[in-house]
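Below: my_file_2.cif (mmCIF, C-alpha atoms and all ligand atoms)
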data_coords
#
loop_
_atom_site.label_atom_id
_atom_site.label_comp_id
_atom_site.auth_asym_id
_atom_site.auth_seq_id
_atom_site.Cartn_x
_atom_site.Cartn_y
_atom_site.Cartn_z
CA MET F 26 -2.97 44.21 59.80
CA SER F 27 -0.61 46.79 61.23
CA GLN F 28 2.63 47.58 59.48
CA PRO F 29 5.48 46.29 61.61
CA PHE F 30 8.03 48.43 59.78
CA PRO F 31 7.84 51.99 58.41
CA LEU F 32 7.20 51.99 54.67
CA VAL F 33 10.52 53.64 53.93
CA ASP F 34 12.30 50.69 55.57
CA GLN F 35 10.13 48.20 53.75
CA LEU F 36 11.03 49.87 50.47
CA LYS F 37 14.69 49.54 51.38
CA SER F 38 14.13 45.83 52.09
CA LEU F 39 12.34 45.45 48.77
CA GLU F 40 15.27 47.12 47.04
CA ASN F 41 17.57 44.54 48.60
CA LEU F 42 15.14 41.78 47.72
CA GLN F 43 15.14 42.92 44.11
CA GLU F 44 18.90 42.75 43.97
CA LEU F 45 18.91 39.26 45.50
CA ASP F 46 16.14 38.06 43.21
CA LEU F 47 18.04 39.12 40.11
CA LYS F 48 21.09 37.23 41.35
CA ILE F 49 18.97 34.16 42.12
CA ASP F 50 17.31 34.35 38.70
CA SER F 51 20.61 34.44 36.86
CA LEU F 52 22.09 31.61 38.96
CA LYS F 53 19.02 29.50 38.22
CA LYS F 54 19.39 30.25 34.54
CA TYR F 55 23.03 29.10 34.60
CA GLU F 56 22.09 26.05 36.65
CA ASN F 57 19.41 25.03 34.16
CA ALA F 58 21.68 25.59 31.19
CA LEU F 59 24.29 23.12 32.48
CA PRO F 60 22.53 19.82 31.74
CA ALA F 61 21.75 21.07 28.21
CA GLY F 62 25.42 20.57 27.29
CA LEU F 63 25.20 16.96 28.45
CA LYS F 64 22.05 16.49 26.44
CA THR F 65 23.92 17.37 23.24
CA VAL F 66 26.57 14.76 24.05
CA ASP F 67 23.87 12.19 24.84
CA ASP F 68 22.16 12.88 21.53
CA SER F 69 25.32 12.28 19.54
CA LEU F 70 26.04 9.14 21.57
CA LEU F 71 22.57 7.85 20.78
CA LYS F 72 23.07 8.46 17.06
CA LEU F 73 26.41 6.64 17.09
CA ARG F 74 24.94 3.68 18.97
CA GLN F 75 22.09 3.45 16.49
CA SER F 76 24.48 3.41 13.54
CA LEU F 77 26.60 0.82 15.37
CA ASP F 78 23.54 -1.42 15.79
CA ALA F 79 22.64 -0.99 12.13
CA LYS F 80 26.17 -1.97 11.04
CA LYS F 81 26.19 -4.99 13.31
CA GLN F 82 22.88 -6.13 11.93
CA GLN F 83 24.19 -5.68 8.41
CA MET F 84 27.20 -7.82 9.34
CA GLU F 85 24.96 -10.57 10.66
CA GLU F 86 22.97 -10.63 7.45
CA ILE F 87 26.10 -10.78 5.31
CA GLU F 88 27.55 -13.51 7.51
CA LYS F 89 24.40 -15.52 7.00
CA ALA F 90 24.48 -15.04 3.22
CA HIS F 91 28.18 -15.86 3.25
CA LYS F 92 27.55 -19.15 5.04
CA GLN F 93 24.90 -20.05 2.49
CA ALA F 94 27.23 -19.25 -0.40
CA ARG F 95 29.91 -21.36 1.30
CA SER F 96 27.71 -24.43 1.63
CA ALA F 97 26.46 -24.02 -1.95
CA LEU F 98 30.09 -23.95 -3.02
CA ASP F 99 30.91 -27.11 -1.00
CA LEU F 100 27.90 -28.86 -2.50
CA ASN F 101 28.98 -27.82 -5.97
CA GLN F 102 32.52 -29.09 -5.38
CA ASP F 103 31.12 -32.50 -4.36
CA ARG F 104 29.08 -32.61 -7.52
CA LEU F 105 32.14 -31.65 -9.52
CA VAL F 106 34.10 -34.56 -8.01
CA ARG F 107 31.25 -36.93 -8.92
CA SER F 108 31.05 -35.52 -12.44
CA ASN F 109 34.79 -35.94 -12.92
CA SER F 110 34.64 -39.59 -11.94
CA LYS F 111 31.66 -40.01 -14.28
CA LEU F 112 33.82 -38.60 -17.06
CA GLU F 113 36.39 -41.33 -16.45
CA GLN F 114 33.73 -43.98 -16.95
CA VAL F 115 32.09 -42.74 -20.17
CA HIS F 116 31.31 -45.36 -22.84
CA ASN F 117 30.66 -43.22 -25.86
CA ALA F 118 31.01 -39.75 -27.32
CA GLN F 119 27.53 -38.73 -26.27
CA GLU F 120 28.15 -39.59 -22.63
CA PHE F 121 31.49 -37.81 -22.85
CA GLN F 122 29.86 -34.68 -24.20
CA ALA F 123 27.14 -34.75 -21.54
CA ALA F 124 29.66 -35.20 -18.74
CA THR F 125 31.93 -32.48 -20.09
CA LYS F 126 29.00 -30.10 -20.36
CA GLU F 127 27.95 -30.85 -16.80
CA ILE F 128 31.48 -30.22 -15.56
CA GLU F 129 31.65 -26.96 -17.42
CA GLN F 130 28.40 -25.78 -15.90
CA LEU F 131 29.47 -26.80 -12.41
CA LYS F 132 32.79 -25.00 -12.82
CA LYS F 133 31.00 -21.90 -13.96
CA LEU F 134 28.68 -22.05 -10.98
CA SER F 135 31.61 -22.58 -8.65
CA SER F 136 33.47 -19.60 -9.97
CA GLY F 137 30.36 -17.47 -9.54
CA LEU F 138 29.99 -18.68 -5.97
CA GLU F 139 33.66 -18.06 -5.26
CA GLU F 140 33.33 -14.54 -6.53
CA GLN F 141 30.34 -14.02 -4.25
CA ASP F 142 32.29 -15.50 -1.36
CA GLN F 143 35.12 -13.02 -1.92
CA LYS F 144 32.68 -10.15 -2.18
CA PHE F 145 31.05 -11.11 1.12
CA LEU F 146 34.45 -11.41 2.79
CA GLN F 147 35.45 -7.93 1.61
CA GLU F 148 32.16 -6.43 2.76
CA LEU F 149 32.53 -8.07 6.15
CA GLU F 150 36.08 -6.79 6.44
CA SER F 151 35.10 -3.19 5.72
CA LEU F 152 32.08 -3.37 8.04
CA LYS F 153 34.28 -4.77 10.77
CA LYS F 154 36.60 -1.77 10.40
CA GLU F 155 33.66 0.65 10.53
CA VAL F 156 32.28 -1.06 13.64
CA GLU F 157 35.69 -0.81 15.28
CA LEU F 158 35.96 2.91 14.49
CA ILE F 159 32.46 3.71 15.73
CA THR F 160 33.02 1.63 18.87
CA GLN F 161 36.19 3.61 19.60
CA GLU F 162 34.31 6.88 19.04
CA VAL F 163 31.49 5.77 21.36
CA GLU F 164 33.99 4.84 24.06
CA LYS F 165 35.81 8.14 23.70
CA ILE F 166 32.61 10.21 23.93
CA GLN F 167 31.35 8.04 26.78
CA THR F 168 34.50 8.77 28.79
CA GLU F 169 34.26 12.48 28.01
CA ARG F 170 30.61 12.46 28.99
CA GLU F 171 31.38 10.90 32.34
CA SER F 172 33.98 13.50 33.22
CA GLN F 173 31.74 16.29 31.92
CA ALA F 174 28.85 14.93 33.99
CA SER F 175 30.91 14.99 37.16
CA VAL F 176 31.98 18.58 36.45
CA VAL F 177 28.37 19.57 35.78
CA LEU F 178 27.26 17.82 38.94
CA GLY F 179 29.82 19.82 40.91
CA GLN F 180 28.72 23.06 39.28
CA VAL F 181 25.04 22.34 39.87
CA HIS F 182 25.87 21.63 43.48
CA GLN F 183 27.77 24.92 43.74
CA TYR F 184 24.88 26.84 42.17
CA LYS F 185 22.44 25.18 44.55
CA THR F 186 24.57 26.14 47.53
CA ASP F 187 24.83 29.72 46.31
CA ILE F 188 21.10 29.91 45.60
CA ASP F 189 20.28 28.46 49.03
CA SER F 190 22.36 31.07 50.79
CA LEU F 191 20.74 33.85 48.72
CA LEU F 192 17.30 32.41 49.54
CA ALA F 193 18.15 32.47 53.23
CA GLU F 194 19.18 36.09 52.89
CA ARG F 195 15.97 36.74 50.94
CA ALA F 196 13.81 35.26 53.69
CA GLN F 197 15.32 37.71 56.13
CA PHE F 198 14.30 40.69 54.00
CA CYS F 199 10.88 39.17 53.35
CA SER F 200 10.19 39.06 57.06
CA GLN F 201 10.64 42.82 57.13
CA VAL F 202 8.03 43.51 54.45
CA ASP F 203 4.28 43.49 54.73
CA GLN F 204 2.77 40.33 53.21
CA LYS F 205 0.45 42.36 50.97
CA ILE F 206 3.34 44.41 49.58
CA LEU F 207 5.39 41.25 49.02
CA VAL F 208 2.55 39.69 47.05
CA GLN F 209 2.30 42.80 44.91
CA TYR F 210 6.06 42.89 44.36
CA ASP F 211 6.11 39.21 43.34
CA ARG F 212 3.16 39.63 41.00
CA VAL F 213 4.68 42.62 39.19
CA ARG F 214 8.08 40.92 39.12
CA GLY F 215 6.53 37.87 37.51
CA ALA F 216 4.81 39.96 34.87
CA ARG F 217 7.61 42.46 34.23
CA GLY F 218 10.77 40.56 33.36
CA GLY F 219 11.80 39.80 36.95
CA ILE F 220 11.78 43.42 38.09
CA GLY F 221 9.10 44.42 40.59
CA ILE F 222 10.50 47.57 42.14
CA VAL F 223 12.46 50.35 40.49
CA PRO F 224 13.85 53.72 41.46
CA ALA F 225 12.23 56.90 40.22
CA VAL F 226 14.91 59.43 39.38
CA ALA F 227 14.39 63.04 38.36
CA GLY F 228 10.68 62.44 37.92
CA ARG F 229 11.22 59.40 35.70
CA CYS F 230 10.50 55.71 36.31
CA LYS F 231 13.74 53.78 35.75
CA GLY F 232 11.79 50.67 34.85
CA CYS F 233 10.06 51.97 31.73
CA ASN F 234 11.70 55.38 31.47
CA MET F 235 8.35 57.20 31.46
CA MET F 236 7.81 60.45 33.35
CA VAL F 237 5.87 59.98 36.58
CA PRO F 238 3.19 62.65 37.20
CA ALA F 239 4.64 65.36 39.46
CA GLN F 240 2.12 64.87 42.25
CA LEU F 241 2.75 61.13 42.30
CA TYR F 242 6.51 61.68 42.22
CA ASN F 243 6.24 63.88 45.30
CA GLU F 244 4.30 61.19 47.11
CA VAL F 245 6.81 58.55 46.12
CA GLN F 246 9.51 60.81 47.48
CA ARG F 247 7.70 61.18 50.80
CA ALA F 248 7.41 57.37 51.05
CA LEU F 249 4.36 57.43 53.29
CA THR F 250 2.23 55.28 51.01
CA LEU F 251 3.12 52.67 48.45
CA HIS F 252 2.93 53.72 44.79
CA SER F 253 3.54 52.10 41.48
CA CYS F 254 4.38 53.47 38.06
CA PRO F 255 1.16 54.24 36.13
CA SER F 256 2.83 53.01 33.00
CA CYS F 257 4.70 49.77 33.90
CA HIS F 258 3.05 49.12 37.32
CA ARG F 259 6.35 48.48 39.04
CA LEU F 260 6.63 49.64 42.64
CA LEU F 261 8.47 52.92 42.91
CA PHE F 262 10.94 54.36 45.39
CA VAL F 263 13.13 57.42 45.33
CA PRO F 264 16.68 56.39 46.17
CA LEU F 265 18.54 58.30 48.81
CA THR F 266 21.90 57.32 47.34
CA VAL F 267 23.05 56.50 43.80
CA PRO F 268 20.24 54.62 42.07
CA LEU F 269 20.61 51.16 40.65
CA VAL F 270 19.82 51.14 36.97
CA ALA F 271 17.08 48.70 36.18
CA LYS F 272 17.11 46.63 33.02
CA ASP F 273 13.89 46.19 31.09
ZN ZN O 301 7.43 52.55 34.84
#

Using structure tokens, write down the structure from this file.
Ligand SMILES: [Zn+2]
Amino acid sequence: MSQPFPLVDQLKSLENLQELDLKIDSLKKYENALPAGLKTVDDSLLKLRQSLDAKKQQMEEIEKAHKQARSALDLNQDRLVRSNSKLEQVHNAQEFQAATKEIEQLKKLSSGLEEQDQKFLQELESLKKEVELITQEVEKIQTERESQASVVLGQVHQYKTDIDSLLAERAQFCSQVDQKILVQYDRVRGARGGIGIVPAVAGRCKGCNMMVPAQLYNEVQRALTLHSCPSCHRLLFVPLTVPLVAKD
């Protein structure tokens, strides 16, 4: 395959590509980080909803127990009424004693049940307050989440638009570079922290900061054939203007 563009021009295109790719990489990083904030909110919402369900279930159980205590109390009151009328019809001291004892026991049972009834009512009251508070919190976070989600959606959209326009620009530079060189650039970029081509300045590779052998440096300077750093394998070019400083 013949080279449609002189190597020196292709290197210039690759330099531009590298700049675009770094921008695209960082935009993608920001874009991906956005939904993570929502995830945190969702996690706390989930926890609140779970505790709300647990409290509601607890309330149901107490309500059930409360109902049972209530009907036991009613039953006991009926028995107490019967026992009292029995007391009015006693014929001797023995019957009187038995009836009085029965009444005493029933009264004791009733007071125990009444105590239980009060305890259940208090528990229900405090659970009801807790449920109300958690429900308010859930609603508040839910509203915040919705507005945050719409902001995030807008930001994601903006990032996508920006990335798309950079990708379009990228495609233009790609069309000016030999396919084989592009593949090499992409491979090195993938393996070397997103940087596939770096300037060599004053005999030194700016990617890894190692000295490039003098002969190789001369060839890189001539830009007639493609060379890469023997140490970090990044493609090399000698900038004609002020070099961009590569991060590693
Ligand atoms: Zn290097």

Original post:
When distances are computed from only C-alpha atoms and all ligand atoms, which of F:Gln130, F:Thr250, F:Asn234, F:Gln143 shows the smallest separation from ligand ZN 301 (chain O)?
Top reply: F:Asn234

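Proximity ranking of F:Ala97, F:Leu77, F:Cys254, F:Leu47 relative to Glu157 in chain F places F:Leu77 first, based on only C-alpha atoms.
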
Edge lengths and centre in Å to one decimal, as JSON, is what I'm after for the box along x, y and z that holds all listed atoms of range 81-87 of chain F once 5 Å is added on each side.
{"center_x": 25.0, "center_y": -7.9, "center_z": 9.3, "size_x": 14.3, "size_y": 15.8, "size_z": 18.0}

Subject >> Length of the CA of Thr168 in chain F to CA of Val66 in chain F vector [Å] >> reply: 11.0 Å

Expected selection as an mmCIF file with C-alpha atoms, in the frame of the given file for ligand ZN 301 (chain O) within 12 Å, only C-alpha atoms and all ligand atoms:
data_model
loop_
_atom_site.group_PDB
_atom_site.id
_atom_site.type_symbol
_atom_site.label_atom_id
_atom_site.label_comp_id
_atom_site.auth_asym_id
_atom_site.auth_seq_id
_atom_site.Cartn_x
_atom_site.Cartn_y
_atom_site.Cartn_z
ATOM 1 C CA VAL F 213 4.680 42.620 39.190
ATOM 2 C CA ARG F 217 7.610 42.460 34.230
ATOM 3 C CA ILE F 220 11.780 43.420 38.090
ATOM 4 C CA GLY F 221 9.100 44.420 40.590
ATOM 5 C CA ILE F 222 10.500 47.570 42.140
ATOM 6 C CA VAL F 223 12.460 50.350 40.490
ATOM 7 C CA PRO F 224 13.850 53.720 41.460
ATOM 8 C CA ALA F 225 12.230 56.900 40.220
ATOM 9 C CA VAL F 226 14.910 59.430 39.380
ATOM 10 C CA GLY F 228 10.680 62.440 37.920
ATOM 11 C CA ARG F 229 11.220 59.400 35.700
ATOM 12 C CA CYS F 230 10.500 55.710 36.310
ATOM 13 C CA LYS F 231 13.740 53.780 35.750
ATOM 14 C CA GLY F 232 11.790 50.670 34.850
ATOM 15 C CA CYS F 233 10.060 51.970 31.730
ATOM 16 C CA ASN F 234 11.700 55.380 31.470
ATOM 17 C CA MET F 235 8.350 57.200 31.460
ATOM 18 C CA MET F 236 7.810 60.450 33.350
ATOM 19 C CA VAL F 237 5.870 59.980 36.580
ATOM 20 C CA PRO F 238 3.190 62.650 37.200
ATOM 21 C CA TYR F 242 6.510 61.680 42.220
ATOM 22 C CA HIS F 252 2.930 53.720 44.790
ATOM 23 C CA SER F 253 3.540 52.100 41.480
ATOM 24 C CA CYS F 254 4.380 53.470 38.060
ATOM 25 C CA PRO F 255 1.160 54.240 36.130
ATOM 26 C CA SER F 256 2.830 53.010 33.000
ATOM 27 C CA CYS F 257 4.700 49.770 33.900
ATOM 28 C CA HIS F 258 3.050 49.120 37.320
ATOM 29 C CA ARG F 259 6.350 48.480 39.040
ATOM 30 C CA LEU F 260 6.630 49.640 42.640
ATOM 31 C CA LEU F 261 8.470 52.920 42.910
ATOM 32 C CA PHE F 262 10.940 54.360 45.390
ATOM 33 C CA ALA F 271 17.080 48.700 36.180
ATOM 34 C CA LYS F 272 17.110 46.630 33.020
ATOM 35 C CA ASP F 273 13.890 46.190 31.090
#

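The coordinates place CA of Leu241 in chain F at 23.5 Å from CA of Gln204 in chain F.
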